[in-house]
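> So here's target-v8.cif, just mmCIF, C-alpha atoms:
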data_model
loop_
_atom_site.label_atom_id
_atom_site.label_comp_id
_atom_site.auth_asym_id
_atom_site.auth_seq_id
_atom_site.Cartn_x
_atom_site.Cartn_y
_atom_site.Cartn_z
CA MET A 1 44.64 -7.69 33.94
CA ILE A 2 41.67 -6.89 31.75
CA ALA A 3 38.43 -8.23 33.22
CA ALA A 4 36.49 -10.62 30.98
CA LEU A 5 32.99 -9.81 29.75
CA ARG A 6 30.01 -11.61 31.30
CA LYS A 7 27.36 -11.43 28.59
CA ARG A 8 26.80 -14.68 26.72
CA ARG A 9 26.23 -15.08 23.01
CA LEU A 10 22.95 -16.58 21.79
CA THR A 11 24.91 -19.79 21.35
CA GLY A 12 25.95 -19.78 25.01
CA GLU A 13 29.64 -18.90 25.03
CA LEU A 14 30.89 -15.68 26.58
CA TYR A 15 31.40 -12.60 24.48
CA ARG A 16 34.98 -11.53 24.05
CA ARG A 17 36.40 -8.20 23.06
CA ASP A 18 38.13 -7.81 19.73
CA PRO A 19 41.78 -8.92 20.24
CA LYS A 20 42.94 -5.51 18.98
CA ILE A 21 40.84 -3.80 21.65
CA GLU A 22 42.20 -6.13 24.34
CA ALA A 23 45.77 -5.38 23.26
CA LEU A 24 45.10 -1.66 23.23
CA LEU A 25 43.53 -1.85 26.70
CA VAL A 26 46.70 -3.41 28.06
CA GLU A 27 48.76 -0.67 26.44
CA LEU A 28 46.47 2.12 27.64
CA SER A 29 46.34 0.77 31.18
CA SER A 30 50.00 1.69 31.58
CA LEU A 31 49.34 5.36 30.76
CA SER A 32 48.83 7.95 33.45
CA ARG A 33 45.22 9.07 33.84
CA ASP A 34 46.03 12.51 32.46
CA ASP A 35 47.70 11.05 29.39
CA LEU A 36 44.78 8.73 28.83
CA ILE A 37 42.29 11.59 29.09
CA ALA A 38 44.36 13.69 26.70
CA ARG A 39 44.30 10.91 24.14
CA ALA A 40 40.63 10.12 24.72
CA ALA A 41 39.79 13.71 23.90
CA HIS A 42 40.77 13.10 20.26
CA SER A 43 37.46 12.64 18.55
CA ASN A 44 38.58 12.08 14.99
CA ARG A 45 38.56 8.41 14.15
CA SER A 46 41.27 8.74 11.54
CA ASP A 47 43.68 10.17 14.10
CA PRO A 48 46.32 7.48 14.83
CA SER A 49 46.12 8.13 18.57
CA TYR A 50 42.31 7.91 18.60
CA ILE A 51 41.03 5.64 21.37
CA PRO A 52 38.07 3.53 20.25
CA SER A 53 34.94 4.04 22.33
CA GLU A 54 35.00 0.34 23.29
CA CYS A 55 38.10 1.14 25.38
CA LEU A 56 36.51 4.20 27.00
CA VAL A 57 33.54 2.10 28.08
CA TYR A 58 35.99 -0.36 29.64
CA PHE A 59 37.80 2.34 31.62
CA ILE A 60 34.54 3.92 32.75
CA ARG A 61 33.31 0.60 34.05
CA ALA A 62 36.63 -0.29 35.62
CA SER A 63 36.53 2.99 37.55
CA ARG A 64 33.46 1.69 39.41
CA ALA A 65 35.73 0.07 41.94
CA ASP A 66 37.92 3.02 42.80
CA ASN A 67 35.33 5.64 43.73
CA ARG A 68 37.19 8.47 42.07
CA GLU A 69 34.37 10.59 40.77
CA THR A 70 36.58 13.19 39.05
CA TRP A 71 38.20 10.57 36.87
CA PHE A 72 34.83 9.05 36.12
CA GLU A 73 33.38 12.47 35.30
CA ARG A 74 36.10 13.23 32.76
CA LEU A 75 35.64 9.92 30.95
CA TYR A 76 31.86 10.21 31.18
CA LYS A 77 31.82 13.60 29.49
CA ILE A 78 34.15 12.50 26.70
CA LEU A 79 32.17 9.36 25.98
CA THR A 80 28.74 10.98 26.10
CA ALA A 81 30.02 13.72 23.77
CA ARG A 82 31.06 11.00 21.33
CA VAL A 83 27.60 9.46 21.53
CA LEU A 84 25.98 12.78 20.71
CA ARG A 85 28.37 13.43 17.84
CA SER A 86 27.59 10.07 16.28
CA LEU A 87 23.81 10.44 16.43
CA PRO A 88 22.15 11.91 13.35
CA ARG A 89 21.23 15.51 14.08
CA ALA A 90 17.70 16.83 13.92
CA GLU A 91 18.66 19.48 11.35
CA ASN A 92 18.10 18.57 7.72
CA ALA A 93 20.79 18.94 5.09
CA ASP A 94 19.12 22.13 3.82
CA GLY A 95 20.11 23.83 7.10
CA ARG A 96 16.68 25.40 7.46
CA THR A 97 14.33 22.66 8.53
CA GLU A 98 14.65 19.84 11.03
CA SER A 99 13.23 16.39 11.59
CA LEU A 100 11.19 16.11 14.74
CA THR A 101 11.53 12.32 14.74
CA ARG A 102 15.30 12.50 14.47
CA GLY A 103 15.40 14.95 17.37
CA VAL A 104 13.27 12.64 19.50
CA ILE A 105 15.39 9.60 18.62
CA ARG A 106 18.56 11.49 19.49
CA GLU A 107 17.25 12.39 22.93
CA LYS A 108 15.92 8.92 23.63
CA VAL A 109 19.18 7.23 22.67
CA PHE A 110 21.24 9.65 24.69
CA SER A 111 19.15 9.27 27.83
CA ARG A 112 19.07 5.49 27.47
CA PHE A 113 22.84 5.42 27.16
CA VAL A 114 23.41 7.55 30.26
CA GLU A 115 20.90 5.38 32.15
CA LEU A 116 22.94 2.33 31.22
CA LEU A 117 26.11 3.99 32.50
CA ALA A 118 24.35 4.95 35.74
CA ALA A 119 22.92 1.45 36.23
CA ASP A 120 26.31 -0.16 35.62
CA ARG A 121 27.82 2.13 38.24
CA THR A 122 25.61 0.52 40.88
CA GLU A 123 25.71 -3.02 39.61
CA TYR A 124 27.40 -4.71 36.65
CA SER A 125 25.04 -4.44 33.70
CA GLU A 126 25.62 -7.02 30.96
CA LYS A 127 23.91 -4.78 28.45
CA LEU A 128 27.00 -2.55 28.48
CA ASP A 129 29.15 -5.52 27.43
CA TYR A 130 27.83 -5.06 23.91
CA PHE A 131 29.38 -1.60 23.88
CA GLU A 132 32.76 -3.15 24.58
CA VAL A 133 32.32 -5.74 21.83
CA ARG A 134 31.23 -3.33 19.11
CA PHE A 135 30.31 0.16 20.19
CA ASP A 136 28.83 1.44 16.92
CA GLY A 137 26.63 -1.62 16.57
CA ALA A 138 25.37 -1.48 20.15
CA LEU A 139 24.54 2.19 19.70
CA ALA A 140 22.76 1.44 16.41
CA SER A 141 20.64 -1.04 18.32
CA LEU A 142 19.63 1.70 20.78
CA ARG A 143 18.80 3.93 17.80
CA ARG A 144 16.54 1.28 16.33
CA ASP A 145 14.84 0.78 19.66
CA ALA A 146 14.27 4.53 20.03
CA GLN A 147 13.03 4.71 16.45
CA GLU A 148 10.47 2.00 17.12
CA GLN A 149 9.15 4.00 20.07
CA ALA A 150 9.14 7.24 18.10
CA TRP A 151 7.24 5.59 15.25
CA ARG A 152 4.74 4.17 17.70
CA ASP A 153 4.30 7.59 19.28
CA GLU A 154 3.60 9.21 15.94
CA ASN A 155 1.52 6.30 14.70
CA ARG A 156 3.69 5.85 11.67
CA SER A 157 3.01 2.19 11.19
CA ALA A 158 -0.56 2.98 10.10
CA PRO A 159 -1.49 0.95 7.01
CA LEU A 160 -1.04 2.51 3.62
CA GLU A 161 -3.90 4.17 1.95
CA TYR A 162 -4.70 1.87 -0.94
CA ASP A 163 -6.13 -1.60 -1.38
CA GLU A 164 -3.28 -4.05 -1.44
CA GLU A 165 -4.84 -6.78 -3.49
CA THR A 166 -6.64 -4.85 -6.18
CA GLY A 167 -4.76 -1.58 -6.02
CA GLU A 168 -2.78 -0.87 -9.14
CA ILE A 169 0.04 1.55 -8.95
CA SER A 170 -0.73 4.76 -10.74
CA PRO A 171 1.10 5.42 -14.00
CA GLU A 172 2.41 8.67 -12.47
CA ILE A 173 4.16 6.82 -9.69
CA GLU A 174 5.47 4.23 -12.10
CA ARG A 175 6.89 6.96 -14.32
CA ALA A 176 8.34 8.81 -11.36
CA ALA A 177 10.05 5.68 -10.09
CA GLY A 178 11.28 4.89 -13.59
CA HIS A 179 14.76 3.43 -13.66
CA PHE A 180 15.81 5.46 -10.67
CA ASP A 181 18.24 3.60 -8.47
CA PRO A 182 19.03 5.68 -5.39
CA LEU A 183 21.27 2.96 -4.01
CA ALA A 184 23.79 3.19 -6.82
CA LYS A 185 26.57 5.23 -5.25
CA PRO A 186 27.23 8.48 -7.03
CA GLU A 187 30.88 9.34 -7.41
CA ILE A 188 30.62 12.98 -6.48
CA ASP A 189 30.01 14.13 -2.94
CA ALA A 190 29.18 10.64 -1.75
CA GLU A 191 28.96 11.53 1.94
CA ALA A 192 26.49 14.38 1.49
CA TYR A 193 24.43 12.21 -0.85
CA ARG A 194 24.37 9.36 1.65
CA GLN A 195 23.18 11.65 4.40
CA ARG A 196 20.37 12.99 2.24
CA LEU A 197 19.47 9.49 1.14
CA ASP A 198 19.43 8.24 4.76
CA ALA A 199 17.18 11.13 5.74
CA ALA A 200 14.83 10.42 2.83
CA ILE A 201 14.67 6.69 3.61
CA GLU A 202 13.96 7.23 7.29
CA ALA A 203 11.01 9.45 6.38
CA LEU A 204 9.35 6.59 4.45
CA PRO A 205 6.61 4.45 5.98
CA PRO A 206 8.38 1.57 7.81
CA GLU A 207 7.30 -1.15 5.40
CA GLN A 208 8.65 0.78 2.42
CA SER A 209 11.95 1.52 4.12
CA ARG A 210 12.31 -2.20 4.90
CA ILE A 211 11.86 -3.08 1.25
CA ILE A 212 14.50 -0.53 0.29
CA GLU A 213 16.88 -1.95 2.91
CA MET A 214 16.38 -5.51 1.67
CA LEU A 215 16.96 -4.37 -1.92
CA ARG A 216 20.13 -2.64 -0.79
CA GLN A 217 21.30 -5.89 0.77
CA GLY A 218 20.61 -7.64 -2.52
CA PHE A 219 17.61 -9.78 -1.59
CA PRO A 220 15.32 -10.68 -4.52
CA ILE A 221 11.69 -9.55 -4.37
CA ASP A 222 10.48 -13.02 -5.27
CA SER A 223 11.90 -16.33 -6.45
CA LYS A 224 10.67 -19.52 -8.08
CA GLU A 225 13.11 -21.51 -6.00
CA PRO A 226 11.60 -22.55 -2.67
CA GLY A 227 14.63 -22.14 -0.36
CA VAL A 228 15.52 -18.61 -1.38
CA MET A 229 15.03 -15.83 1.16
CA THR A 230 12.94 -13.20 -0.59
CA ILE A 231 11.54 -9.83 0.38
CA ALA A 232 7.97 -11.02 -0.22
CA LYS A 233 8.44 -14.03 2.04
CA THR A 234 10.25 -12.15 4.80
CA LEU A 235 7.64 -9.41 4.99
CA SER A 236 4.71 -11.79 4.35
CA ARG A 237 3.47 -9.74 1.41
CA SER A 238 2.59 -10.69 -2.13
CA GLU A 239 5.16 -10.06 -4.81
CA LYS A 240 2.85 -7.49 -6.34
CA THR A 241 2.47 -5.58 -3.08
CA VAL A 242 6.23 -5.50 -2.59
CA ARG A 243 6.72 -4.12 -6.12
CA THR A 244 4.05 -1.49 -5.56
CA TYR A 245 5.58 -0.39 -2.26
CA ARG A 246 9.00 -0.37 -3.84
CA ASP A 247 7.84 1.89 -6.67
CA LYS A 248 6.12 4.22 -4.25
CA ALA A 249 9.24 4.36 -2.11
CA LEU A 250 11.49 5.02 -5.10
CA ALA A 251 9.20 7.80 -6.32
CA THR A 252 9.30 9.43 -2.89
CA LEU A 253 13.06 9.09 -2.63
CA ARG A 254 13.55 10.53 -6.08
CA ALA A 255 11.37 13.52 -5.24
CA SER A 256 13.14 14.13 -1.90
CA LEU A 257 16.59 13.91 -3.45
CA ALA A 258 15.59 16.16 -6.35
CA GLU A 259 14.41 18.79 -3.87
CA GLY A 260 17.87 18.80 -2.38
CA ASP A 261 19.40 19.38 -5.82
CA GLU A 262 17.36 22.48 -6.40
CA ARG A 263 19.06 24.42 -3.66
CA MET B 264 23.43 -20.64 14.81
CA SER B 265 21.36 -23.10 16.72
CA PRO B 266 18.59 -21.45 18.65
CA ALA B 267 18.95 -22.14 22.35
CA ALA B 268 16.48 -24.37 24.14
CA HIS B 269 14.65 -21.33 25.45
CA GLN B 270 13.83 -18.66 22.91
CA PRO B 271 15.99 -15.59 23.37
CA SER B 272 14.28 -12.24 23.80
CA LYS B 273 13.91 -9.75 20.97
CA GLU B 274 16.41 -7.46 22.69
CA ASP B 275 19.02 -10.24 22.94
CA VAL B 276 18.61 -11.21 19.29
CA LEU B 277 18.88 -7.63 18.06
CA ASP B 278 21.85 -6.81 20.27
CA ALA B 279 23.60 -9.98 19.11
CA PHE B 280 23.10 -9.01 15.47
CA ALA B 281 24.26 -5.46 16.23
CA VAL B 282 27.66 -6.64 17.47
CA GLU B 283 28.32 -9.23 14.75
CA ARG B 284 31.69 -8.86 13.06
CA ASP B 285 29.99 -8.42 9.70
CA TRP B 286 26.58 -6.85 9.13
CA GLY B 287 26.21 -7.84 5.49
CA ARG B 288 23.57 -9.84 3.72
CA GLU B 289 24.92 -13.18 4.89
CA ALA B 290 24.56 -12.26 8.58
CA LEU B 291 21.14 -10.66 8.06
CA GLU B 292 19.88 -13.71 6.23
CA ARG B 293 21.16 -16.01 8.97
CA TYR B 294 19.28 -14.00 11.61
CA LEU B 295 16.14 -13.71 9.48
CA ARG B 296 16.06 -17.49 9.08
CA ALA B 297 16.69 -18.18 12.77
CA TYR B 298 14.36 -15.48 14.12
CA PRO B 299 11.66 -14.77 11.51
CA GLN B 300 9.44 -13.38 14.29
CA PHE B 301 11.81 -10.38 14.54
CA ALA B 302 12.17 -9.85 10.77
CA ALA B 303 10.92 -6.26 10.71
CA GLU B 304 13.16 -5.26 13.62
CA LEU B 305 16.22 -7.00 12.15
CA ILE B 306 15.77 -5.19 8.84
CA ASP B 307 15.32 -1.84 10.59
CA LEU B 308 18.47 -2.55 12.57
CA SER B 309 20.35 -3.53 9.41
CA ARG B 310 19.58 -0.08 8.03
CA GLU B 311 20.76 1.63 11.22
CA LEU B 312 23.98 -0.40 11.12
CA ALA B 313 24.64 0.70 7.55
CA ARG B 314 24.42 4.39 8.40
CA GLU B 315 27.59 6.30 8.01
CA ILE B 316 28.71 7.83 11.28
CA PRO B 317 28.76 11.61 10.86
CA ASP B 318 32.08 13.41 10.94
CA SER B 319 33.19 13.34 14.55
CA ASP B 320 35.34 16.47 14.38
CA THR B 321 32.46 18.89 14.46
CA PRO B 322 32.27 20.87 17.71
CA LEU B 323 29.32 20.20 20.00
CA SER B 324 26.46 22.66 19.91
CA THR B 325 25.54 24.57 23.07
CA ALA B 326 22.41 22.44 23.34
CA ASP B 327 24.47 19.22 23.17
CA GLN B 328 26.87 20.50 25.78
CA ALA B 329 23.92 21.32 28.01
CA MET B 330 22.53 17.79 27.56
CA ILE B 331 25.83 16.33 28.73
CA ASP B 332 26.08 18.67 31.73
CA THR B 333 22.50 17.95 32.77
CA ALA B 334 23.04 14.20 32.45
CA TRP B 335 26.15 14.46 34.58
CA GLN B 336 24.39 16.50 37.26
CA HIS B 337 21.54 14.02 37.39
CA HIS B 338 24.05 11.27 37.69
CA ALA B 339 26.26 12.87 40.30
CA GLU B 340 23.80 14.53 42.67
CA PRO B 341 20.90 12.22 43.39
CA ALA B 342 23.28 9.31 43.82
CA ALA B 343 24.89 11.13 46.70
CA ALA B 344 21.57 12.12 48.25
CA ASP B 345 19.63 8.89 47.80
CA PRO B 346 21.07 6.20 50.08
CA LEU B 347 19.00 3.52 48.35
CA ALA B 348 20.01 4.37 44.79
CA ARG B 349 23.62 3.40 45.27
CA LEU B 350 22.89 -0.05 46.68
CA SER B 351 23.44 -3.13 44.56
CA THR B 352 20.88 -5.92 44.43
CA GLN B 353 22.93 -7.94 46.89
CA GLU B 354 23.16 -5.00 49.27
CA LEU B 355 19.41 -4.43 49.03
CA ARG B 356 18.93 -8.07 49.91
CA ASN B 357 21.17 -7.61 52.95
CA VAL B 358 19.22 -4.55 54.06
CA ALA B 359 15.98 -6.51 53.88
CA LYS B 360 17.56 -9.35 55.83
CA ARG B 361 18.85 -7.07 58.56
CA LEU B 362 15.49 -5.36 58.90
CA ASP B 363 13.82 -8.77 58.80
CA VAL B 364 11.32 -7.84 56.08
CA PRO B 365 10.75 -9.31 52.59
CA ARG B 366 12.75 -7.65 49.84
CA GLN B 367 9.70 -6.18 48.16
CA VAL B 368 9.24 -3.95 51.19
CA ILE B 369 12.63 -2.35 50.47
CA THR B 370 11.78 -2.16 46.78
CA ALA B 371 8.54 -0.36 47.67
CA PHE B 372 10.58 2.25 49.56
CA ARG B 373 13.04 2.49 46.73
CA GLU B 374 10.25 3.11 44.25
CA ARG B 375 8.57 5.62 46.57
CA ARG B 376 5.41 3.57 46.97
CA VAL B 377 5.18 3.93 50.75
CA ILE B 378 3.41 6.83 52.49
CA LEU B 379 6.18 7.93 54.83
CA SER B 380 3.89 9.31 57.52
CA THR B 381 2.60 5.76 58.08
CA VAL B 382 6.03 4.32 58.83
CA PRO B 383 6.84 3.98 62.55
CA ARG B 384 9.81 6.08 63.53
CA SER B 385 11.60 3.14 65.10
CA PHE B 386 11.56 1.32 61.78
CA LEU B 387 12.86 4.40 60.00
CA ALA B 388 15.66 4.66 62.52
CA CYS B 389 16.73 1.05 61.96
CA PHE B 390 16.38 1.51 58.22
CA ALA B 391 18.55 4.65 58.23
CA LYS B 392 21.19 2.95 60.34
CA THR B 393 21.27 -0.06 58.04
CA VAL B 394 21.94 2.11 54.98
CA ASP B 395 24.51 4.29 56.79
CA SER B 396 22.28 7.33 56.77
CA SER B 397 20.28 9.45 59.18
CA ILE B 398 16.48 9.49 59.55
CA GLU B 399 16.43 13.05 58.19
CA LEU B 400 18.45 12.20 55.09
CA LEU B 401 16.52 9.02 54.49
CA VAL B 402 13.15 10.76 54.78
CA GLU B 403 14.33 13.57 52.55
CA ALA B 404 15.55 11.11 49.93
CA LEU B 405 12.37 9.06 50.09
CA SER B 406 10.26 12.19 49.67
CA SER B 407 11.91 13.02 46.34
CA GLN B 408 11.82 11.29 42.98
CA PRO B 409 13.90 8.12 42.75
CA SER B 410 17.22 8.54 40.99
CA SER B 411 17.42 5.00 39.73
CA GLY B 412 14.96 2.50 38.38
CA LEU B 413 15.25 4.40 35.13
CA ALA B 414 15.70 1.24 33.16
CA ARG B 415 12.28 0.13 34.32
CA SER B 416 10.66 3.38 33.27
CA TYR B 417 12.28 3.17 29.85
CA LYS B 418 10.89 -0.26 29.15
CA ALA B 419 7.35 0.54 30.14
CA ASP B 420 4.93 1.85 27.58
CA GLY B 421 3.41 4.41 29.85
CA LYS B 422 5.04 6.78 32.26
CA PRO B 423 6.22 5.26 35.52
CA GLY B 424 4.69 6.17 38.82
CA GLY B 425 1.21 4.93 38.00
CA GLU B 426 1.17 2.95 41.21
CA GLU B 427 -0.42 4.79 44.11
CA ALA B 428 1.58 5.10 47.29
CA VAL B 429 0.08 3.01 50.09
CA SER B 430 0.50 2.73 53.85
CA PHE B 431 3.46 0.88 55.36
CA GLU B 432 1.09 -1.62 56.93
CA ARG B 433 -0.45 -2.36 53.56
CA VAL B 434 3.01 -2.88 52.04
CA LEU B 435 3.78 -5.38 54.81
CA THR B 436 0.48 -7.19 54.27
CA ASP B 437 1.01 -7.31 50.50
CA ALA B 438 4.51 -8.67 51.02
CA GLY B 439 3.07 -11.52 53.07
CA VAL B 440 4.53 -10.51 56.44
CA PRO B 441 2.82 -12.67 59.10
CA ASP B 442 0.33 -10.87 61.37
CA GLU B 443 2.42 -11.18 64.48
CA LYS B 444 5.52 -9.77 62.83
CA ARG B 445 3.49 -7.00 61.27
CA VAL B 446 2.05 -5.95 64.61
CA GLN B 447 5.55 -5.91 66.04
CA LEU B 448 6.88 -3.74 63.19
CA MET B 449 3.96 -1.36 63.51
CA SER B 450 4.14 -1.08 67.29
CA ASP B 451 6.99 1.43 67.20
CA ALA B 452 8.47 -0.18 70.27
CA ASN B 453 11.31 -2.34 68.96
#
Would you mind writing the file's structure down as C-alpha cells?

Amino acid sequence: MIAALRKRRLTGELYRRDPKIEALLVELSSLSRDDLIARAAHSNRSDPSYIPSECLVYFIRASRADNRETWFERLYKILTARVLRSLPRAENADGRTESLTRGVIREKVFSRFVELLAADRTEYSEKLDYFEVRFDGALASLRRDAQEQAWRDENRSAPLEYDEETGEISPEIERAAGHFDPLAKPEIDAEAYRQRLDAAIEALPPEQSRIIEMLRQGFPIDSKEPGVMTIAKTLSRSEKTVRTYRDKALATLRASLAEGDER
Amino acid sequence: MSPAAHQPSKEDVLDAFAVERDWGREALERYLRAYPQFAAELIDLSRELAREIPDSDTPLSTADQAMIDTAWQHHAEPAAADPLARLSTQELRNVAKRLDVPRQVITAFRERRVILSTVPRSFLACFAKTVDSSIELLVEALSSQPSSGLARSYKADGKPGGEEAVSFERVLTDAGVPDEKRVQLMSDAN
C-alpha cells in the first residue's frame, strides 16, 4: 500500500504521484532491501533499471516508521549524491576558473535539501511531497530560491548604470548584438554549448536574464493587441528599455561564448 | 486556475509551477497571469527548470563526498543526543501538558533561549523524565547548539540565535504563567 501525498494543489485537491511512479513503487516494494539499494545505486538516467529519485524520496520517508537507521543511511547517501550530481558545478567550462555564485548556490541547495529530509524524519513535511511529484522541478525551485539569496548577498539586483528613459544604446553594443541569436540550437556539441550558454546567462544582471528567458519562451517584447502577454508588460518596463536590455544581454552573451571558442 | 480565496504564498506558487507536468510557455503564461506579483520569480524559475541536468555518471569529487558524509553525521549524531530534536509537534505538546507549562516554554528550551542555571533542579528532573532522558543528558543537550529548527534559520534573513537567553522565570512570565503557578515551579519543591 503506497501512502497518499498530503500536500494540496493551489486549486485545493491533493497532489498525486505520476501513475508510472506509483506503479514502479508497488513493483519496487516487493524487492529485498539489498536489491533495491543495488538498483538505486545506478545513477545513469538512461539505464533501464534506473530508479527515479521520486521513488527514493518515497522509500526514505517510508523508512521513518521502522527506525532502521542503516537502511535510511544507505538511501540517504544515494539520494544526496544524486542531488549533488544534478547541481551545476562551480567550475567553469574552461576548467580553470570557477563561479563563486554557483558554488554558493550549490551549497545552499544541498543544505536545504538535507534539512528537509531531517525535518521530515521528525514530522511529516509536506514540502517533500513536491519531490515525489516531480523531483527535478522541486529541486529547481530550491535552486531558484538559493539563487535569489545569493543575488541578494552579492547585491546583484542593483540598477543598471544608464538612464532608462533617455539612454540610447551605444552603436558598439548594437553592432555587437547584431543578428546574434544564442538561443538557436547549434547542431554540433549541443550539450557543451548549452552549458556554456547557461553559465553566460546566469552571469547576467537578473533583469536581462529574465528578458532572455522570456524571449526563449517565445513571448513578444511588445504588442498592439491589449490581451497579449508581453515582456514589457510582465516586467513593467517600456518597450524601449526591454530592447536596450536585450541588446546589452545579447552582446554580453556573444562575448562570453566567443571567449569559450578561443580556447 | 482559479486563485483560492486566500492568496497562496510565493513559495506555494513557485513550488506548484515547479512540479507542473509541462513547463512550457503555456504554463508560464498561466502562472504569470494568475500571480503577476511573482513574475520575476516565476521567470527565474522557468529558466532553472529549462536547465539540462548534467551527466549523472560522473564520479563524485572528494569534496562532494565529504559534504555528504558531514551531512549524514550532522543528521545522525545530534538527533541521538538531543532528546528534544526528535520530538514531533504533537509530542512537544504532550510534554508541555505533562509539565503543566505553556508550549512556548518547551520551545524556548528547544531553541536554547533559557539560562539553564536558573532552572530549578526539580523541574529539570521532571522534564528529563518526560522526554525519557536523564538530567545529565538533558542539560548536556540543552547546553549545545540545537540540531533542529534549521528550517527556521534558513528562512530568516539574518543568522539565527539573535535572541538573548533569559532566565527560566522570565520565560514563564513571558509565556503568561500565572503568578501562583510560577512561584510553585520556581520553588524547587514539587
> Which distance in Å separates atom CA of Ile212 of chain A and atom CA of Tyr193 of chain A, to one decimal?
16.2 Å
> For atom CA of Leu79 of chain A and atom CA of Leu56 of chain A, determine how far apart the two atoms are, in Å to one decimal place.
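Interatomic distance, atom CA of Leu79 of chain A to atom CA of Leu56 of chain A: 6.8 Å.
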> If we count all atoms listed in the file and set the cut-off at 12 Å, which residues sit around Ile60 of chain A, ignoring sequence neighbours fewer than 2 positions away in its own chain? Please answer as a ChimeraX atom specification.
/A:33,36-37,40,53-58,62-80,114,116-118,120-121,124,128,131-132
> Would you kindly report the residues of chain A within 6 Å of chain B, using all atoms listed in the file, as a compact mmCIF listing (two decimals) with C-alpha atoms, in the coordinates of the input?

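Just written: iface_12.txt:
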# COMPACT_ATOMS: atom_id res chain seq x y z
CA SER A 43 37.46 12.64 18.55
CA ASN A 44 38.58 12.08 14.99
CA ARG A 85 28.37 13.43 17.84
CA SER A 86 27.59 10.07 16.28
CA THR A 122 25.61 0.52 40.88
CA GLU A 123 25.71 -3.02 39.61
CA ARG A 134 31.23 -3.33 19.11
CA GLY A 137 26.63 -1.62 16.57
CA ALA A 138 25.37 -1.48 20.15
CA ALA A 140 22.76 1.44 16.41
CA ARG A 144 16.54 1.28 16.33
CA GLN A 217 21.30 -5.89 0.77
> Which residues fall under the PyMOL selection byres ((chain B and resi 431) around 8) in this file, as a ChimeraX atom specification?
/B:377-379,381-382,429-430,432-435
> Any idea what the distance is between atom CA of Phe110 of chain A and atom CA of Asp34 of chain A?
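That distance, rounded to one decimal, is 26.1 Å.
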> Please write the residues picked by the PyMOL selection byres ((chain B and resi 359-371) around 9) on this file as a PyMOL selection string.
chain B and resi 347+354-358+372-377+386+389-390+393+428+431+434-435+437-440
> If we count all atoms listed in the file, what is near segment 89-106 of chain A at a cut-off of 7 Å, once residues fewer than 5 positions away on the same chain are taken out, given as a list in words?
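My reading of the contact set: Arg143, Ala146, Gln147, Ala150 and Arg196 of chain A.
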> Tell me which protein, DNA and RNA residues are within 7 Å of Arg156 of chain A, counting only C-alpha atoms, leaving out same-chain ones fewer than 4 positions away, and put them as a PyMOL selection string.
chain A and resi 151-152+205
> For this file, the PyMOL selection byres ((chain A and resi 211) around 9) selects which residues, as a count of residues only?
19
> Measuring atom to atom with all atoms listed in the file, identify which of A:Arg237, A:Ser141, A:Ser223, A:Asp198 is nearest to Leu253 of chain A.
A:Asp198
> Find the smallest box with edges along x, y and z containing every listed atom of segment 268-279 of chain B, then add 8 Å on each side and report centre and edge lengths in Å to one decimal, as JSON.

{"center_x": 18.7, "center_y": -15.6, "center_z": 21.8, "size_x": 25.8, "size_y": 33.6, "size_z": 23.4}
> Between A:Thr241, A:Ser236, A:Ser256, A:Ser125, which has the minimum distance to Leu204 of chain A (counting only C-alpha atoms)?
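Among A:Thr241, A:Ser236, A:Ser256, A:Ser125, it is A:Ser256 that comes nearest to Leu204 of chain A.
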> Can you pull segment 328-339 of chain B out of that block with N, CA and C atoms and hand it back as a CSV table (one decimal), in the first residue's frame?

chain,number,residue,atom,x,y,z
B,328,GLN,N,31.9,14.2,-1.7
B,328,GLN,CA,31.7,13.0,-0.8
B,328,GLN,C,31.8,13.5,0.6
B,329,ALA,N,32.7,14.4,0.9
B,329,ALA,CA,32.8,15.0,2.2
B,329,ALA,C,31.6,15.7,2.7
B,330,MET,N,30.9,16.4,1.7
B,330,MET,CA,29.7,17.1,2.0
B,330,MET,C,28.6,16.1,2.5
B,331,ILE,N,28.5,15.0,1.7
B,331,ILE,CA,27.5,14.0,2.1
B,331,ILE,C,27.8,13.4,3.4
B,332,ASP,N,29.1,13.1,3.7
B,332,ASP,CA,29.4,12.4,5.0
B,332,ASP,C,29.1,13.4,6.1
B,333,THR,N,29.5,14.6,5.9
B,333,THR,CA,29.3,15.6,7.0
B,333,THR,C,27.8,15.8,7.3
B,334,ALA,N,27.0,15.9,6.2
B,334,ALA,CA,25.5,16.0,6.3
B,334,ALA,C,25.0,14.8,7.1
B,335,TRP,N,25.5,13.6,6.8
B,335,TRP,CA,25.0,12.4,7.4
B,335,TRP,C,25.3,12.4,8.9
B,336,GLN,N,26.6,12.8,9.2
B,336,GLN,CA,27.0,12.9,10.6
B,336,GLN,C,26.1,13.8,11.4
B,337,HIS,N,25.9,15.0,10.8
B,337,HIS,CA,25.1,16.0,11.5
B,337,HIS,C,23.7,15.5,11.7
B,338,HIS,N,23.2,14.7,10.7
B,338,HIS,CA,21.9,14.2,10.9
B,338,HIS,C,21.8,13.1,11.9
B,339,ALA,N,22.8,12.2,11.9
B,339,ALA,CA,22.8,11.0,12.7
B,339,ALA,C,23.1,11.3,14.2
